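Colleague: Okay, here's the structure, questions in a sec.
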Amino acid sequence: VPGAMAAERALAMATCTAPVNIAVIKYWGKRDTDLILPINSSLSVTLHQDQLKTTTTAAASRDFTEDRLWLNGAEVDVGHPRVQACLREVRRLARKRRGGSEDAATLSLLSYKVHIASENNFPTAAGLASSAAGYACLVSALARLYGVEDELSEVARRGSGSACRSMWGGFVQWQRGERPDGTDSLAHQVAPETHWPELRVLVLVVSGQKKPVASTVGMQTSVETSPLLKHRAEVVVPERLAQMMQHIRERDFEGFGQLAMRDSNQFHATCLDTFPPIFYLNDLSRHIITLAHRYNAHHGHTKVAYTFDAGPNAVIFMLADTVDEFVEVVRRSFPPATNGDQFVRGLPVGSAALPQELVAAVVTEPVPGAVQYILHTKPGPGPQLVDDPSQHLLGADGLPRRRA
Ligand code: DP6
């Protein structure tokens, strides 16, 4: 028990990494805002941490005088209710463990204050959903620190709903549950990332984003005002979840992609049905949507599938053999503002010569500079323990290490 052994020393420390996830059946709306219980189940794909991850170090020491938290190097208020809920719940699970000599050590560890440092390997300004990875990572690191091995998606859910899905790799379902106390509102893995090795993901990071309505606030207004959301949660989502599971099981990209696009569109339709309406899609998102449909129409089947969350970045699914050509289509449609260096990041992308008919059919009105860059990634595993002590974000003094 690493946490317990470390308690003998003055300082115990654990570091974990956690992934971002993108929903293909969207979560939108809570039936309990305190416990973060959703009005419908949802399903997501966990993205690979080589491209997008949060790293968090949690430390406990009898020398610490207060709980402290640093995000990307800057100290922030540790009193945030959702951070406090995660801390409280992990500690509760740690106390609950019975028997064994480690309990005394864990108990003293539990009485110490904690220092937590967290950072992303991608720019926060890119507007990529980071709260899911952030809370999944916080809960993973705290659990390691205290030696908790229980099911933790229930705890991560208390940080951010979508965070419970980042506790698993591959394809993940968050079951809405029925109980008022939320003990059955959990995430579980539908299939591991190895199940569909050809699946690829492009994140189109859009330029000049302004801060949209936060999901927490937006979804509550939707719950209160949108009859479409009610119908979606009660009727549409249960049917779609079953369909989506089957498409994933059969690795049917046509079915998977079409349903992902429809579900993204319906989520944004519920935003428009919210009163006053919420707009997450903009002209550029609509341009990307049109481009994807033209591209699919040109090929006569679904080769690419977009999905958008509560912001204008596009996430596009495709199979590996489509990546080179579609990246070239994006490059022609949104010519990079500068010389194009770093326009494509992440997994390697090969060059592709586009047939003239394809260009004529899909690249209609190029918008220079509209897409800042493309991130090429794929499905990946769940949270990981970082064994190498040189990777801790906190030093032996319990303060953030100076970053290179
Ligand atoms: C549009 O998980 O960020 O990304 O539970 O209030 O923290 P809170 O909301 P959050 O909502 C995510 C909404 C979404 C769809 C999804 O990820 O399923």
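Convention: chains lettered A, B, ... in structure tokens order; per-chain residue numbering from 1; ligands numbered from 1 as shown.
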Go through the chains and note each residue within 9 Å of ligand 1, using only C-alpha atoms and all ligand atoms, then give the set as a VMD selection string.
Modeller: chain A and resid 21 to 30 33 36 to 38 41 to 44 82 129 to 132 157 to 165 214 to 220 264 267 to 268 308 to 311
Colleague: For Ala58 in chain A, please output as JSON, numbers by chain all residues within 6 Å (counting only C-alpha atoms; exclusion window: fewer than 2 positions along the same chain).
Modeller: {"A": [13, 14, 115, 116, 141, 142]}
Colleague: Just write the chosen residues, C-alpha atoms, as a PDB file, in the first residue's frame.
Modeller:
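Below is the file out_24.pdb, written as the result:
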ATOM      1  CA  MET A  13       2.683  11.882  -2.784  1.00  0.00           C
ATOM      2  CA  ALA A  14       0.919  10.343  -5.795  1.00  0.00           C
ATOM      3  CA  HIS A 115      -1.432  20.103  -1.683  1.00  0.00           C
ATOM      4  CA  ILE A 116      -2.642  19.425  -5.220  1.00  0.00           C
ATOM      5  CA  ALA A 141      -4.500  11.023  -7.668  1.00  0.00           C
ATOM      6  CA  LEU A 142      -6.309  11.404  -4.321  1.00  0.00           C
TER       7      LEU A 142
END
Colleague: Sort by chain and increasing residue number a table of all residues of range 333-402 of chain A within 10 Å of range 281-301 of chain A, each with its closest pair of atoms and their distance in Å to one decimal, counting only C-alpha atoms, and write it as a tab-separated table.
Modeller:
residue	atom	partner	partner_atom	distance
A:Ser333	CA	A:Leu291	CA	8.6
A:Phe334	CA	A:Ile288	CA	9.8
A:Glu357	CA	A:His298	CA	8.8
A:Leu358	CA	A:His298	CA	7.0
A:Val359	CA	A:Tyr295	CA	9.5
A:Ala361	CA	A:His298	CA	6.9
A:Val362	CA	A:Arg294	CA	5.5
A:Val363	CA	A:Leu291	CA	7.5
A:Thr364	CA	A:Leu291	CA	8.6
A:Glu365	CA	A:His287	CA	9.4
A:Pro366	CA	A:His287	CA	9.9
A:Val367	CA	A:Leu284	CA	8.9
A:Ala370	CA	A:Leu284	CA	7.4
A:Val371	CA	A:Leu284	CA	8.7
Colleague: Identify, on the basis of only C-alpha atoms, every residue whose closest approach to Lys378 in chain A does not exceed 10 Å; exclude the query and any residue fewer than 6 positions from it along the same chain; express the result as a ChimeraX atom specification.
Modeller: /A:45-51,170,193,196-202,317-320,346-347
Colleague: Could you please determine the separation between CA of Leu145 in chain A and CA of Thr15 in chain A in Å, to one decimal place?
Modeller: 8.4 Å
Colleague: Within 9 Å of Thr194 in chain A, counting only C-alpha atoms, which residues show up once you throw out same-chain ones fewer than 4 positions away? Write them as a list of chain:residue names, please.
Modeller: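 So the residues in contact are A:Gly170, A:Pro379, A:Gly380, A:Pro381.
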Colleague: Find the residues around Leu93 in chain A up to 9 Å (only C-alpha atoms counted), leave out those fewer than 6 positions away in its own chain, and share them as number ranges by chain.
Modeller: A: 143, 148-150
Colleague: Using the selection just defined, write its residues with all heavy atoms as a PDB file, in the first residue's frame.
Modeller:
ATOM      1  N   ALA A 143      -7.158   9.172  -4.748  1.00  0.00           N
ATOM      2  CA  ALA A 143      -7.409   7.768  -4.416  1.00  0.00           C
ATOM      3  C   ALA A 143      -6.094   7.021  -4.231  1.00  0.00           C
ATOM      4  O   ALA A 143      -5.943   6.211  -3.307  1.00  0.00           O
ATOM      5  CB  ALA A 143      -8.245   7.116  -5.510  1.00  0.00           C
ATOM      6  N   VAL A 148      -7.100   4.079  -1.976  1.00  0.00           N
ATOM      7  CA  VAL A 148      -8.491   3.673  -2.234  1.00  0.00           C
ATOM      8  C   VAL A 148      -8.566   2.966  -3.583  1.00  0.00           C
ATOM      9  O   VAL A 148      -8.048   3.465  -4.581  1.00  0.00           O
ATOM     10  CB  VAL A 148      -9.435   4.899  -2.248  1.00  0.00           C
ATOM     11  CG1 VAL A 148     -10.830   4.505  -2.686  1.00  0.00           C
ATOM     12  CG2 VAL A 148      -9.452   5.564  -0.887  1.00  0.00           C
ATOM     13  N   GLU A 149      -9.196   1.795  -3.607  1.00  0.00           N
ATOM     14  CA  GLU A 149      -9.271   1.054  -4.868  1.00  0.00           C
ATOM     15  C   GLU A 149     -10.706   0.834  -5.323  1.00  0.00           C
ATOM     16  O   GLU A 149     -10.965   0.048  -6.219  1.00  0.00           O
ATOM     17  CB  GLU A 149      -8.527  -0.279  -4.736  1.00  0.00           C
ATOM     18  CG  GLU A 149      -7.023  -0.089  -4.849  1.00  0.00           C
ATOM     19  CD  GLU A 149      -6.233  -1.222  -4.227  1.00  0.00           C
ATOM     20  OE1 GLU A 149      -6.843  -2.273  -3.916  1.00  0.00           O
ATOM     21  OE2 GLU A 149      -5.021  -1.054  -4.051  1.00  0.00           O
ATOM     22  N   ASP A 150     -11.654   1.535  -4.713  1.00  0.00           N
ATOM     23  CA  ASP A 150     -13.071   1.349  -5.044  1.00  0.00           C
ATOM     24  C   ASP A 150     -13.385   1.888  -6.443  1.00  0.00           C
ATOM     25  O   ASP A 150     -12.570   2.535  -7.077  1.00  0.00           O
ATOM     26  CB  ASP A 150     -13.960   2.114  -4.061  1.00  0.00           C
ATOM     27  CG  ASP A 150     -13.707   1.714  -2.624  1.00  0.00           C
ATOM     28  OD1 ASP A 150     -12.523   1.626  -2.242  1.00  0.00           O
ATOM     29  OD2 ASP A 150     -14.681   1.492  -1.896  1.00  0.00           O
TER      30      ASP A 150
END
Colleague: Counting only C-alpha atoms, which of A:Thr307, A:Gln243, A:Ser140, A:Ser226 gets nearest to Met261 in chain A?
Modeller: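 Of the candidates, the smallest distance to Met261 in chain A is held by A:Thr307.
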